[in-house]
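In what follows, a structure is listed as structure tokens, so that the remarks can point back to it.
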Amino acid sequence: MSGRNAILGKLRGALGAAGESDSARRAAVEQRLAGAPRGLVPARGQLGAKERAALFCSMAEAVTATVERVGASGDVPLAVTRYLRSRNLAPSVRMGEDERLAGMNWASQRSLEVKHGPADREDEVGVSHAFAGVAETGTIAMLSGKENPTTVNFVPENHIIVVEAADIAGDLETVIARMREKFGKGAMPRILNLITGPSRSGDIEQTMLLGAHGPRSLHIIVVGE
Amino acid sequence: MEIQSPQFKEKARNALANEQLQRAMGKAKTGFISKRKKSVEALPEFEDLRSSARAIKDHTLAHLDLYLEAYEEKVKASGGHVHWAETAEDARQAVLAICRAAGARTVTKGKSMITEEIALNDFLEKEGIRPVETDLGEYIIQLRGEHPSHIIGPALHLNKEQVEEDFRRVHTQLPEERDLSQPESLLGEAREILRPQYFTADVGITGANMLIAETGSSIIVTNEGNGDLTQTLPRIHVVVASIEKIVPTLEDASQILRVLARSATGQDMSVYTTLSTGPRRPGDPDGPEEYHVILLDNGRSSMLGTEFHEMLRCIRCGACMNHCPVYHAVGGHAYGWVYPGPMGAVLTPSLVGVDKSGHLPNASTFCGRCESVCPMQIPLPRMMRHWREREFERGLNPATQRYGLGFWAFFARRPRLYRLATSLAIPTLSGLAGRRGWFRSLPLAGGWTRYRDLPAPQSRTFMQQWQARSGAPHGREGGDR
């Protein structure tokens with residue numbers, strides 16, 4: 001506790017915080033935390049629904065994710081199988097207990113093995129369902145929990161993420177607002193992962209190479225118009 | 001890490017003669033600049049976002065004590081622990097106590113400059129705990145027993161052949177005849193070697209790019225995914241962050257994210273931006289069981305309210321060093337401590353004292369590029385000048401420099417004498433140099449002429465030329481040649 005008091009004491013001393021000025025400062029802080037004012041959102045992040053989905057796809061491709069659009073969620077299992085085949089990957093995927101994923105007819109893909117739960121080192125491919133997409137930067141927002149375990153995002157070498165076109169927001173601010181609606185003001189899921197493309201490193205001679213410690217490939221399946 | 005900044009001159013000289021380093025820096029100086037330029041030009045709102053980000057930090061710093069309190073409350077509410085550390089030693093002890101309580105033998109680490117600042121790795125090793133750096137660049141320099149030469153590209157000073165040599169020296173369990181000539185194969189090898197470490201480590205330590213008061217979240221921004229594996233797989237996650245990392249709300253974090261990656265690597269967003277709030281929750285199938293944050297001051301509170309206050313806006317993107325001609329020439333290690341480049345030249349004297357920072361405030365040509373690209377609009381050159389003033393006040397610069405300045409000041413305060421002296425000296429020097437127009441050597445100017453020729457002054461003084469010019473018709477145009 002002494003460290004706490006010492007640091008806060010030094011800060012208050014340096015800021016000249018005492019007496020009346022202090023109550024004004026407190027009010028300013030409370031107001032900002034409660035109001036959470038929206039900052040500047042670039043025009044690129046404020047498009048209509050159709051343009052949003054299109055921008056999301058092109059931004060994601062620009063960061064070397066691959067993107068596929070399907071008409072309905074029923075098309076997802078076949079799209080996953082096709083993707084595995086095109087990449088020469090074994091027909092086995094890891095996923096959590098997301099209800100939207102569970103509602104898809106995986107049994108229709110006869111040779112496909114679907115394992116549930118957090119990812120382990122043997123898993124080559126993870127399948128997740130996104131909370132949202134962000135068109136401005138081609139970013140996917142993933143929430144932690146048994147529905148979509150965080151390990152599925154990072155441990156397997158290949159990651160397939162399903163996102164509803166209707167969940168693609170223009171900007172991160174909209175995703176934040178939806179999160180507040182879901183969890184309450186000031187509360188958060190344990191983890192919010194904002195994922196923009198597959199893992200990479202530029203640490204050797206500044207050459208950006210894909211496949212550092214996270215997935216080498218990121219495939220995004222956008223469902224619906 | 002032991003501070004070696006007083007040896008800046010000697011280190012800079014060695015750096016200039018180091019061929020490997022010069023080859024590596026040659027690539028560095030063009031890459032970062034063009035990538036940042038491209039991404040900034042693609043976003044018309046970038047300049048306004050800079051101002052917005054700056055305003056957020058200014059507001060936060062003016063209320064820093066209150067936001068830290070609000071943040072602490074939220075971390076606790078989410079089941080996490082906050083440890084306040086006044087000094088580097090306090091922070092090291094806090095980490096050690098957590099590791100000891102967990103019976104930890106191995107810790108994995110995400111990239112963190114704060115843990116460099118508190119020299120955590122050496123300390124943990126002495127205490128019998130093995131720290132494993134997992135960021136590719138950090139892993140490479142850990143193998144070499146070096147420190148980062150850049151705050152976002154720790155191994156920027158190396159070429160791939162050097163990395164290959166290190167991997168062959170250390171990874172002796174792998175076949176000797178393997179091909180490591182391409183960077184891809186080096187990256188793949190590091191990935192394979194490090195993968196098991198995440199699963200066996202007892203504690204994962206990361207830094208934080210930001211802390212959010214509204215929610216008690218810590219943010220890491222990375223490209224590799226190592227930071228996320230580091231904080232997800234071990235039983236305990238420890239965040240080490242300095243107090244100025246705090247921002248009020250999620251919206252504020254979003255504003256700063258828009259300038260951070262663009263300024264750093266020229267990406268719109270880094271690959272992984274992760275917000276962590278507390279430990280594993282009921283029903284969570286993965287994630288750490290304990291979540292700790294160590295809040296480090298280590299001299300920052302003493303900068304608040306001084307002429308170095310604005311340095312606390314820094315978000316550690318590295319743009320200042322990426323654009324610095326001095327950094328390009330000598331690399332990061334010449335600066336002799338954790339933080340290199342212009343931000344280091346300001347921060348190092350602030351944190352360790354100007355008396356221990358040697359020439360750092362002078363390691364600048366004042367070209368102003370750093371300030372012009374800083375996403376937080378930090379007046380870096382002005383602050384380096386403040387340090388030069390302090391250096392002079394305390395008599396820290398060499399006697400020759402002080403006498404020289406005194407000598408010049410004597411004349412400068414006496415305009416007539418100054419004009420007379422220069423009107424005599426300049427034609428003399430001009431005549432001595434002759435038609436060649438420069439000097440190979442000159443008494444008292446050895447520091448310059450040892451490395452390059454000294455251009456001779458023109459035949460008349462500035463004042464004389466100015467008078468002639470303003471007296472003449474169309475003098476201005478005539479001077480623009």
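Residues are named by chain letter and number: chains run A, B, ... in the order of the structure tokens, numbers start at 1 in each chain, and ligands are numbered from 1 in the order shown.
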Shell around Pro455 of chain B at 8 Å using only C-alpha atoms, local window under 3 positions removed, as a ChimeraX atom specification: /B:437-439
Selected residues written out, N, CA, C and O atoms, as an mmCIF file, in the first residue's frame:
data_model
loop_
_atom_site.group_PDB
_atom_site.id
_atom_site.type_symbol
_atom_site.label_atom_id
_atom_site.label_comp_id
_atom_site.auth_asym_id
_atom_site.auth_seq_id
_atom_site.Cartn_x
_atom_site.Cartn_y
_atom_site.Cartn_z
ATOM 1 N N GLY B 437 38.694 27.103 -50.985
ATOM 2 C CA GLY B 437 37.440 27.392 -50.296
ATOM 3 C C GLY B 437 37.175 26.543 -49.066
ATOM 4 O O GLY B 437 36.105 26.618 -48.503
ATOM 5 N N TRP B 438 38.132 25.683 -48.656
ATOM 6 C CA TRP B 438 37.917 24.922 -47.412
ATOM 7 C C TRP B 438 39.252 24.611 -46.748
ATOM 8 O O TRP B 438 40.308 24.762 -47.359
ATOM 9 N N PHE B 439 39.152 24.178 -45.483
ATOM 10 C CA PHE B 439 40.346 23.831 -44.712
ATOM 11 C C PHE B 439 40.402 22.336 -44.482
ATOM 12 O O PHE B 439 39.407 21.719 -44.136
#
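Excluding Val132 of chain B itself and any same-chain residue fewer than 5 positions from it, the protein and nucleic acid residues within 7 Å of it, counting only C-alpha atoms, are Val107, Thr108 and Lys109 of chain B.
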Requested write-out: C-alpha atoms of the selected residues, as a compact mmCIF listing (two decimals), in the first residue's frame:
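This went into out39.txt:
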# COMPACT_ATOMS: atom_id res chain seq x y z
CA VAL B 107 8.31 -17.52 -17.49
CA THR B 108 7.50 -16.65 -21.08
CA LYS B 109 7.59 -13.00 -22.06
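Near Arg100 of chain A, within 10 Å and counting only C-alpha atoms, sit Ser73, Glu97, Asp98, Ala102, Gly103, Met104, Ser128, His129, Glu147 and Val162 of chain A, not including residues fewer than 2 positions from it in the same chain.
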Print the selection's residues with N, CA, C and O atoms to a file, as a PDB file, in the first residue's frame.
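Resulting contents of part-v2.pdb:
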ATOM      1  N   SER A  73     -25.914 -19.283 -43.585  1.00  0.00           N
ATOM      2  CA  SER A  73     -25.049 -20.000 -42.652  1.00  0.00           C
ATOM      3  C   SER A  73     -24.992 -21.491 -42.992  1.00  0.00           C
ATOM      4  O   SER A  73     -24.005 -22.159 -42.691  1.00  0.00           O
ATOM      5  N   GLU A  97     -18.148 -23.810 -28.428  1.00  0.00           N
ATOM      6  CA  GLU A  97     -19.546 -24.215 -28.347  1.00  0.00           C
ATOM      7  C   GLU A  97     -20.495 -23.136 -28.861  1.00  0.00           C
ATOM      8  O   GLU A  97     -21.643 -23.062 -28.436  1.00  0.00           O
ATOM      9  N   ASP A  98     -20.003 -22.295 -29.733  1.00  0.00           N
ATOM     10  CA  ASP A  98     -20.831 -21.213 -30.270  1.00  0.00           C
ATOM     11  C   ASP A  98     -22.120 -21.779 -30.878  1.00  0.00           C
ATOM     12  O   ASP A  98     -22.080 -22.706 -31.695  1.00  0.00           O
ATOM     13  N   ALA A 102     -22.848 -24.305 -33.882  1.00  0.00           N
ATOM     14  CA  ALA A 102     -23.475 -25.592 -33.550  1.00  0.00           C
ATOM     15  C   ALA A 102     -24.733 -25.830 -34.392  1.00  0.00           C
ATOM     16  O   ALA A 102     -25.084 -26.971 -34.700  1.00  0.00           O
ATOM     17  N   GLY A 103     -25.387 -24.737 -34.787  1.00  0.00           N
ATOM     18  CA  GLY A 103     -26.601 -24.864 -35.578  1.00  0.00           C
ATOM     19  C   GLY A 103     -26.352 -25.211 -37.041  1.00  0.00           C
ATOM     20  O   GLY A 103     -27.297 -25.396 -37.815  1.00  0.00           O
ATOM     21  N   MET A 104     -25.097 -25.284 -37.454  1.00  0.00           N
ATOM     22  CA  MET A 104     -24.793 -25.603 -38.848  1.00  0.00           C
ATOM     23  C   MET A 104     -24.678 -27.124 -39.016  1.00  0.00           C
ATOM     24  O   MET A 104     -24.267 -27.824 -38.094  1.00  0.00           O
ATOM     25  N   SER A 128     -13.898 -20.319 -35.772  1.00  0.00           N
ATOM     26  CA  SER A 128     -14.515 -19.457 -34.770  1.00  0.00           C
ATOM     27  C   SER A 128     -15.649 -18.672 -35.391  1.00  0.00           C
ATOM     28  O   SER A 128     -15.699 -18.483 -36.611  1.00  0.00           O
ATOM     29  N   HIS A 129     -16.540 -18.184 -34.518  1.00  0.00           N
ATOM     30  CA  HIS A 129     -17.564 -17.256 -34.999  1.00  0.00           C
ATOM     31  C   HIS A 129     -17.280 -15.881 -34.413  1.00  0.00           C
ATOM     32  O   HIS A 129     -17.112 -15.732 -33.205  1.00  0.00           O
ATOM     33  N   GLU A 147     -17.842 -20.325 -25.897  1.00  0.00           N
ATOM     34  CA  GLU A 147     -18.377 -20.299 -27.264  1.00  0.00           C
ATOM     35  C   GLU A 147     -17.240 -20.285 -28.287  1.00  0.00           C
ATOM     36  O   GLU A 147     -17.262 -21.020 -29.276  1.00  0.00           O
ATOM     37  N   VAL A 162     -15.925 -17.194 -39.095  1.00  0.00           N
ATOM     38  CA  VAL A 162     -17.218 -16.931 -39.723  1.00  0.00           C
ATOM     39  C   VAL A 162     -17.753 -15.620 -39.174  1.00  0.00           C
ATOM     40  O   VAL A 162     -17.755 -15.411 -37.948  1.00  0.00           O
TER      41      VAL A 162
END
Atom CA of Leu66 of chain B to atom CA of Arg92 of chain B, distance in Å rounded to a single decimal: 25.2 Å
All strand (DSSP E or B) residues (DSSP, backbone) inside segment 35-84 of chain A, as a ChimeraX atom specification: /A:66-70
N, CA, C and O atoms of the current selection, written as a compact mmCIF listing (two decimals), in the first residue's frame:
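The resulting file, part.txt, is shown below:
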# COMPACT_ATOMS: atom_id res chain seq x y z
N THR A 66 -7.73 -14.31 -46.49
CA THR A 66 -8.53 -14.66 -47.66
C THR A 66 -9.99 -14.55 -47.24
O THR A 66 -10.32 -14.78 -46.07
N VAL A 67 -10.84 -14.14 -48.18
CA VAL A 67 -12.24 -13.89 -47.83
C VAL A 67 -13.14 -14.62 -48.81
O VAL A 67 -12.88 -14.65 -50.01
N GLU A 68 -14.20 -15.22 -48.27
CA GLU A 68 -15.18 -15.89 -49.12
C GLU A 68 -16.55 -15.44 -48.64
O GLU A 68 -16.79 -15.35 -47.43
N ARG A 69 -17.45 -15.13 -49.57
CA ARG A 69 -18.80 -14.75 -49.17
C ARG A 69 -19.76 -15.89 -49.50
O ARG A 69 -19.70 -16.45 -50.59
N VAL A 70 -20.60 -16.26 -48.53
CA VAL A 70 -21.62 -17.29 -48.79
C VAL A 70 -22.99 -16.70 -48.49
O VAL A 70 -23.12 -15.74 -47.73
Which of segment 132-207 of chain A fall in helix (DSSP H, G or I), as a ChimeraX atom specification: /A:150-154,165-167,172-183
Spatial neighbours of segment 297-304 of chain B, max dist 8 Å, only C-alpha atoms, sep filter under 6 positions, as a PyMOL selection string: (chain A and resi 7+10-11+14-15) or (chain B and resi 61+85-88+242-244+312+350-352)
Please write the residues from the selection above to a file, keeping C-alpha atoms, as an mmCIF file, in the first residue's frame.
data_model
loop_
_atom_site.group_PDB
_atom_site.id
_atom_site.type_symbol
_atom_site.label_atom_id
_atom_site.label_comp_id
_atom_site.auth_asym_id
_atom_site.auth_seq_id
_atom_site.Cartn_x
_atom_site.Cartn_y
_atom_site.Cartn_z
ATOM 1 C CA ILE A 7 2.923 7.422 -6.159
ATOM 2 C CA LYS A 10 3.658 12.563 -5.829
ATOM 3 C CA LEU A 11 1.195 12.853 -8.705
ATOM 4 C CA ALA A 14 2.914 17.690 -9.128
ATOM 5 C CA LEU A 15 -0.605 18.435 -10.364
ATOM 6 C CA LEU B 61 -2.106 13.463 -17.520
ATOM 7 C CA ALA B 85 5.850 -0.003 -7.749
ATOM 8 C CA GLU B 86 7.662 3.262 -7.066
ATOM 9 C CA THR B 87 10.996 2.004 -8.312
ATOM 10 C CA ALA B 88 12.416 -0.617 -10.658
ATOM 11 C CA SER B 242 4.132 2.353 -16.411
ATOM 12 C CA ILE B 243 1.613 4.777 -14.963
ATOM 13 C CA GLU B 244 1.362 7.053 -18.012
ATOM 14 C CA LEU B 312 4.609 11.444 -20.851
ATOM 15 C CA SER B 350 14.487 12.287 -17.183
ATOM 16 C CA LEU B 351 14.535 8.791 -15.728
ATOM 17 C CA VAL B 352 18.187 8.255 -14.800
#
